[in-house]
Structure formats: structure tokens, C-alpha cells
Amino acid sequence: MELTREQGYTAALKLFSEYYQKQDASTLSPGKTNMREFGIGDFERKIKFRHMEFKDNSELKNYLSTKTPAFVSCSTAYYAHPSFRPMENKGWLGSELVFDIDATDIRLDCQKSHGTSWVCDNCLTKAKEETIKLIDEFLVPDFGFSKSDIKINFSGNRGYHIHIDNESVLNLDSNARKEISSYITGAGISFDDFFNTEEIGGGKRIKRLTGPKPSDPGWRGKIARNVIKDMEKGPEYLISTGIDKKTARNLYNKRALIEMGINNGNWDIVYIKDKAQFWSEVIKNRAVAQSDKIDENVTNDTGHMIRLPGTIHGGTGLLSKRVSMSELQSFDPMSDAIALHGETIKVKANARNILIMKGESFGPFSDEVADLPVYAAMYLFLKGAAVLSA
Ligand SMILES: [Zn+2]
């Protein structure tokens, strides 16, 4: 017998509750628990109630174990009185700087075939690469944050939240946060900021494209260094970034010459059609993808709420999991963020994409009944690709 959606949700919350009961209260702490505002949601709305506070981690754990919500969020801000309302009465004491990397904000071909609600291996890999890019190419070299100030959290679905909790960022206002996110996303930068067409050769009207050198600071050096690095990766890589086949081969074959030119600021060593357009695209690929929504809300908004690390994502049943810098490279959410265990669950599944969890493939399913491990059954159910059977 098939369970209704509501009965399925009840079964999911029971599993979530069992998970929370087994956790040490400290693993559910966002840090400074008593200074954060909390929000909870059901399966329909991720934040349905907010302005909640918990005096310590065990009160929080007790709440999650007994009142078990589908989604739990906490403020990136610290307050004197987290539950007071309206917002002005909370007594803002500072906010972490948070970046939200989501696979749907990165241009990915796989999403055209599987849609935006499904998450494949490529989506997860690309989101991770974007996270590493944010840290290694921006936060550490350009802003000087130390790796110990940076906390990484898998979102529980298809992305990562990067938190910086450092005295120097706590009191930044919205404008300063907006400037940081604009720098990282490359907002407002254009080809003309970095490249120049110089007339050389006297009366012959020969023009030469000049541009950044690898030794230049900030974005200039980043562009030059990365173009050189990208060429070394081979034609296939260049094609994957959107460069056409012929140009990719040309760049790769002449990379030693081109590199020599770029080292001296000369970007005109090889012929490229529509140069300005071409290099503009290359620059765009070097920025960190963040959605407009995130731009406005997460990095900038000092009153923002974000998924509580250590809690279960109600849309997947996966953990929103803390990942250390050293674990990130090998972190596989579909194995390492699994929270739900127990006996197999019978489902009737309808999923045209293959699901891979813990290295095991499930599906595709077309209205088929199957006995699946709890985590796979719940993942499909919460993604709307299966109904549970009794
Ligand atoms: Zn994908």
C-alpha cells in the first residue's frame, strides 16, 4: 500500500529525530549558539518560523530531537537578544561573512538534460571546484584570510556555504559586504578594464592587444596566471570552458609562445577571431558564480539565515555537513553526508536519472517498486521521485 505524501513526511521526520537523538549536542552547534537567531521550516517552506533562540547546545539538541523540523536555519549574525522582534530590537553584534555556492548558479550542460531539481555527480564536482576557487584564488590571496578562519559546510543538497568568522569581518556593513561579493563575482569588470589596443609599427596601422601580466596584483594577475594555467591543461579542458575546438587547439599548440607574450603583457601572439568577446568570456569563467539572490541576501544582508551545520536537509535527507579544508578535495556528499540509516524501505519510484549513493547505483525507475536503503529511498521520496510503500 502506498503512503500518502503526508505519511511519508511523518516517516522522514521520525528518522530525522532518531538521528538528532544520537548526536552529541556540540556537533549541532553553529558556535555562539545563544547569540544566534534560529528559524525552522516544513517540507513546503524552508523557513516558516523564525526569531527563535536557544540558551545552549543541549536545549537546541532537545528541540531538534523532539519537535524535529524538516529544515533548520540560523542567523549568520550575532545578537544580544536573538528572539526579539522586529529585527532592530535584537541588538546586532556583528555577522559572519558567508558565501553560498550552488550548482544551479554555475553554467552546467548536465542541468539541461537532468533539470535543476536533480543533482548529478558533475553538479557536485563543479560546486566543489567553485568552492576551492573561491578560497584559493580569492579569500586567501586577495583578502588575506587564513585558512583557519574559513569554515566550509556542504549545504545538504547541491552546494557549499563558506563562513568566515573573524574579528575583521564581523562589523562590516552591507555596503562593504556587497563590495566583497562584487569583487569575487567579477561584477562590473569588463574587457576594457584590462586590455588595451596599442598602435605599433608607425604608419602601417598595426594594432597590438596589450593586457595584464602574471605578476600584476588582484584580478589582473589572476586573469594572466589562469589563462596560462588553463592552456597547460590541454585542448579538451579549453573546450569544456566554452572555447571552440579550433581556437582551443591553436592556443594549446602555441602555448609556449603565448605564455611568453603574456609575461610581457602582449596578448596578440596568436590570431583569435573576435578577440574582445573571446577574452571577456575567459574572464567571466574566472569569477566565482553566485546567484543574484545570493548576492543580495547572503553576502550582503547582515540579517540573513543559513542552514544550520550538522542538521538534515529536508529536500534530500542528506546532512548539511562541516567539511575541513583538508577533507574537501576528496569529500563526496553522496557518501560522506549520508545521515539516515536503518532497514530497507519499499518505494514506488519514478526517476529517469540514475542515483548513485555510497558508490551504488539505483535506477533509473519508471513507476517501479523497489526495496532501497533508507538513505536512497528518502532521497528519492524527498526529491519527489518516489512514494513510500507500507
Ligand atoms: Zn548535473
# chains A, B, ... in the order shown; residues from 1 in each chain; ligands from 1
call {"tool": "residues_near_ligand", "arguments": {"ligand": "ligand 1", "cutoff": "7 Å", "atoms": "only C-alpha atoms and all ligand atoms", "output": "number ranges by chain"}}
result
A: 108, 110-111, 114, 119-123
call {"tool": "select_by_dssp", "arguments": {"residues": "segment 122-364 of chain A", "states": "alpha helix (DSSP H)", "output": "NGL selection string"}}
result
:A and (122-133 or 167-170 or 174-185 or 191-194 or 218-232 or 235-240 or 245-253 or 255-263 or 275-286 or 292-294 or 325-328 or 333-336)
call {"tool": "atom_distance", "arguments": {"atom1": "atom CA of Thr33 of chain A", "atom2": "atom CA of Ser75 of chain A"}}
result
9.9 Å
call {"tool": "residues_around", "arguments": {"residues": "Arg249 of chain A", "least_positions_apart": "5", "cutoff": "10 Å", "atoms": "only C-alpha atoms", "output": "NGL selection string"}}
result
:A and (231 or 234-236 or 238-239 or 243-244 or 254-255)
call {"tool": "atom_distance", "arguments": {"atom1": "atom CA of Phe154 of chain A", "atom2": "atom CA of Leu64 of chain A"}}
result
19.5 Å
call {"tool": "residues_around", "arguments": {"residues": "Leu209 of chain A", "least_positions_apart": "2", "cutoff": "12 Å", "atoms": "only C-alpha atoms", "output": "count of residues only"}}
result
27
call {"tool": "residues_around", "arguments": {"residues": "Glu6 of chain A", "least_positions_apart": "6", "cutoff": "12 Å", "atoms": "only C-alpha atoms", "output": "compact mmCIF listing (two decimals) with N, CA and C atoms, in the first residue's frame"}}
result
# COMPACT_ATOMS: atom_id res chain seq x y z
N ALA A 12 9.70 10.43 7.48
CA ALA A 12 11.01 11.10 7.32
C ALA A 12 11.39 11.80 8.63
N LEU A 13 10.44 12.53 9.22
CA LEU A 13 10.74 13.27 10.45
C LEU A 13 11.11 12.33 11.60
N ASP A 42 8.99 23.61 7.28
CA ASP A 42 8.43 22.29 6.99
C ASP A 42 8.87 21.90 5.57
N PHE A 43 8.27 20.84 5.02
CA PHE A 43 8.71 20.38 3.70
C PHE A 43 8.28 21.34 2.58
N GLU A 44 7.37 22.25 2.90
CA GLU A 44 6.91 23.20 1.89
C GLU A 44 7.73 24.48 1.90
N PHE A 381 12.29 10.01 -2.33
CA PHE A 381 11.00 10.49 -1.85
C PHE A 381 11.02 12.01 -1.68
N LEU A 382 12.06 12.52 -1.01
CA LEU A 382 12.11 13.96 -0.71
C LEU A 382 12.35 14.79 -1.97
N VAL A 387 7.28 7.43 -4.10
CA VAL A 387 6.37 7.41 -2.96
C VAL A 387 6.77 6.22 -2.10
N LEU A 388 6.54 6.34 -0.79
CA LEU A 388 6.89 5.24 0.10
C LEU A 388 5.74 4.23 0.14
call {"tool": "residues_around", "arguments": {"residues": "Lys358 of chain A", "least_positions_apart": "2", "cutoff": "12 Å", "atoms": "only C-alpha atoms", "output": "ChimeraX atom specification"}}
result
/A:331-339,355-356,360-362,373,375-376
call {"tool": "write_last_selection", "arguments": {"atoms": "C-alpha atoms", "output": "short mmCIF file (atom, residue, chain, number, x, y, z; two decimals), in the first residue's frame"}}
result
data_model
loop_
_atom_site.label_atom_id
_atom_site.label_comp_id
_atom_site.auth_asym_id
_atom_site.auth_seq_id
_atom_site.Cartn_x
_atom_site.Cartn_y
_atom_site.Cartn_z
CA PHE A 331 34.62 14.83 0.01
CA ASP A 332 31.76 13.02 -1.73
CA PRO A 333 28.41 14.27 -0.41
CA MET A 334 26.54 11.24 -1.75
CA SER A 335 28.61 9.03 0.55
CA ASP A 336 30.02 11.29 3.22
CA ALA A 337 26.88 13.34 4.02
CA ILE A 338 24.54 10.39 4.47
CA ALA A 339 22.62 10.72 7.73
CA LEU A 355 21.04 7.86 -8.36
CA ILE A 356 24.49 6.98 -7.04
CA GLU A 360 25.97 2.02 -5.53
CA SER A 361 23.67 2.85 -8.46
CA PHE A 362 19.89 2.96 -8.15
CA PRO A 373 18.47 1.51 1.55
CA TYR A 375 19.06 6.97 2.57
CA ALA A 376 18.33 6.24 -1.13
#
call {"tool": "closest_residue", "arguments": {"among": "A:Lys22, A:Asn157, A:Ile354, A:Ser280", "to": "Gly317 of chain A", "atoms": "only C-alpha atoms"}}
result
A:Asn157
call {"tool": "atom_distance", "arguments": {"atom1": "atom CA of Asp193 of chain A", "atom2": "atom CA of Ala103 of chain A"}}
result
28.6 Å
call {"tool": "residues_around", "arguments": {"residues": "Gly94 of chain A", "least_positions_apart": "4", "cutoff": "8 Å", "atoms": "only C-alpha atoms", "output": "list in words"}}
result
Ala77, Tyr78, Tyr79, Leu170, Asn171, Leu172 and Thr302 of chain A
call {"tool": "write_last_selection", "arguments": {"atoms": "N, CA and C atoms", "output": "compact mmCIF listing (two decimals), in the first residue's frame"}}
result
# COMPACT_ATOMS: atom_id res chain seq x y z
N ALA A 77 24.31 36.30 11.80
CA ALA A 77 24.58 37.42 12.71
C ALA A 77 24.52 36.97 14.17
N TYR A 78 25.21 37.72 15.02
CA TYR A 78 25.13 37.51 16.46
C TYR A 78 24.32 38.66 17.06
N TYR A 79 23.47 38.31 18.03
CA TYR A 79 22.61 39.33 18.63
C TYR A 79 22.66 39.25 20.15
N LEU A 170 33.35 40.89 11.19
CA LEU A 170 32.11 40.90 11.96
C LEU A 170 31.30 42.19 11.83
N ASN A 171 31.99 43.32 11.84
CA ASN A 171 31.26 44.59 11.83
C ASN A 171 31.12 45.25 10.48
N LEU A 172 31.47 44.54 9.41
CA LEU A 172 31.29 45.11 8.07
C LEU A 172 29.81 45.38 7.83
N THR A 302 23.06 41.52 6.46
CA THR A 302 23.58 41.18 7.79
C THR A 302 22.53 40.45 8.63
call {"tool": "closest_residue", "arguments": {"among": "A:Leu251, A:Ala370, A:Ala386, A:Ala287", "to": "Thr344 of chain A", "atoms": "only C-alpha atoms"}}
result
A:Ala370
call {"tool": "closest_residue", "arguments": {"among": "A:His304, A:Lys246, A:Lys222, A:Lys273", "to": "Ile47 of chain A", "atoms": "only C-alpha atoms"}}
result
A:His304
call {"tool": "closest_residue", "arguments": {"among": "A:Cys74, A:Ile283, A:Val323, A:Val369", "to": "Ile150 of chain A", "atoms": "only C-alpha atoms"}}
result
A:Val323
call {"tool": "closest_residue", "arguments": {"among": "A:Tyr160, A:Phe143, A:Trp118, A:Trp92", "to": "Leu380 of chain A", "atoms": "only C-alpha atoms"}}
result
A:Trp118
call {"tool": "select_by_dssp", "arguments": {"residues": "segment 149-329 of chain A", "states": "strand (DSSP E or B)", "output": "ChimeraX atom specification"}}
result
/A:150-154,159-164,196-200,206-210,266,305-307,312,318-319,322-323
call {"tool": "write_last_selection", "arguments": {"atoms": "C-alpha atoms", "output": "short mmCIF file (atom, residue, chain, number, x, y, z; two decimals), in the first residue's frame"}}
result
data_model
loop_
_atom_site.label_atom_id
_atom_site.label_comp_id
_atom_site.auth_asym_id
_atom_site.auth_seq_id
_atom_site.Cartn_x
_atom_site.Cartn_y
_atom_site.Cartn_z
CA ILE A 150 37.35 29.75 6.83
CA LYS A 151 34.69 27.17 7.61
CA ILE A 152 33.17 25.07 4.84
CA ASN A 153 29.77 23.50 5.06
CA PHE A 154 28.13 21.22 2.48
CA GLY A 159 26.35 23.39 -2.88
CA TYR A 160 28.55 24.74 -0.15
CA HIS A 161 28.36 27.56 2.36
CA ILE A 162 31.65 29.20 3.21
CA HIS A 163 31.68 31.06 6.53
CA ILE A 164 34.32 33.50 7.69
CA ASN A 196 44.19 47.95 -24.49
CA THR A 197 44.75 48.18 -28.22
CA GLU A 198 48.02 49.87 -28.97
CA GLU A 199 49.10 51.17 -32.34
CA ILE A 200 52.53 49.94 -33.23
CA ILE A 206 49.32 47.66 -36.95
CA LYS A 207 47.47 47.23 -33.69
CA ARG A 208 48.52 45.12 -30.76
CA LEU A 209 46.38 43.90 -27.90
CA THR A 210 48.08 44.52 -24.58
CA ASN A 266 51.43 41.13 -25.11
CA MET A 305 19.66 32.98 7.86
CA ILE A 306 21.57 29.98 6.57
CA ARG A 307 21.27 26.20 7.01
CA ILE A 312 19.39 17.32 7.88
CA LEU A 318 21.43 14.46 3.49
CA LEU A 319 23.38 16.20 6.20
CA ARG A 322 31.01 20.59 8.01
CA VAL A 323 33.99 19.73 5.84
#
call {"tool": "closest_residue", "arguments": {"among": "A:Leu97, A:Ile228, A:Leu134, A:Ala248", "to": "Ile184 of chain A", "atoms": "only C-alpha atoms"}}
result
A:Leu134
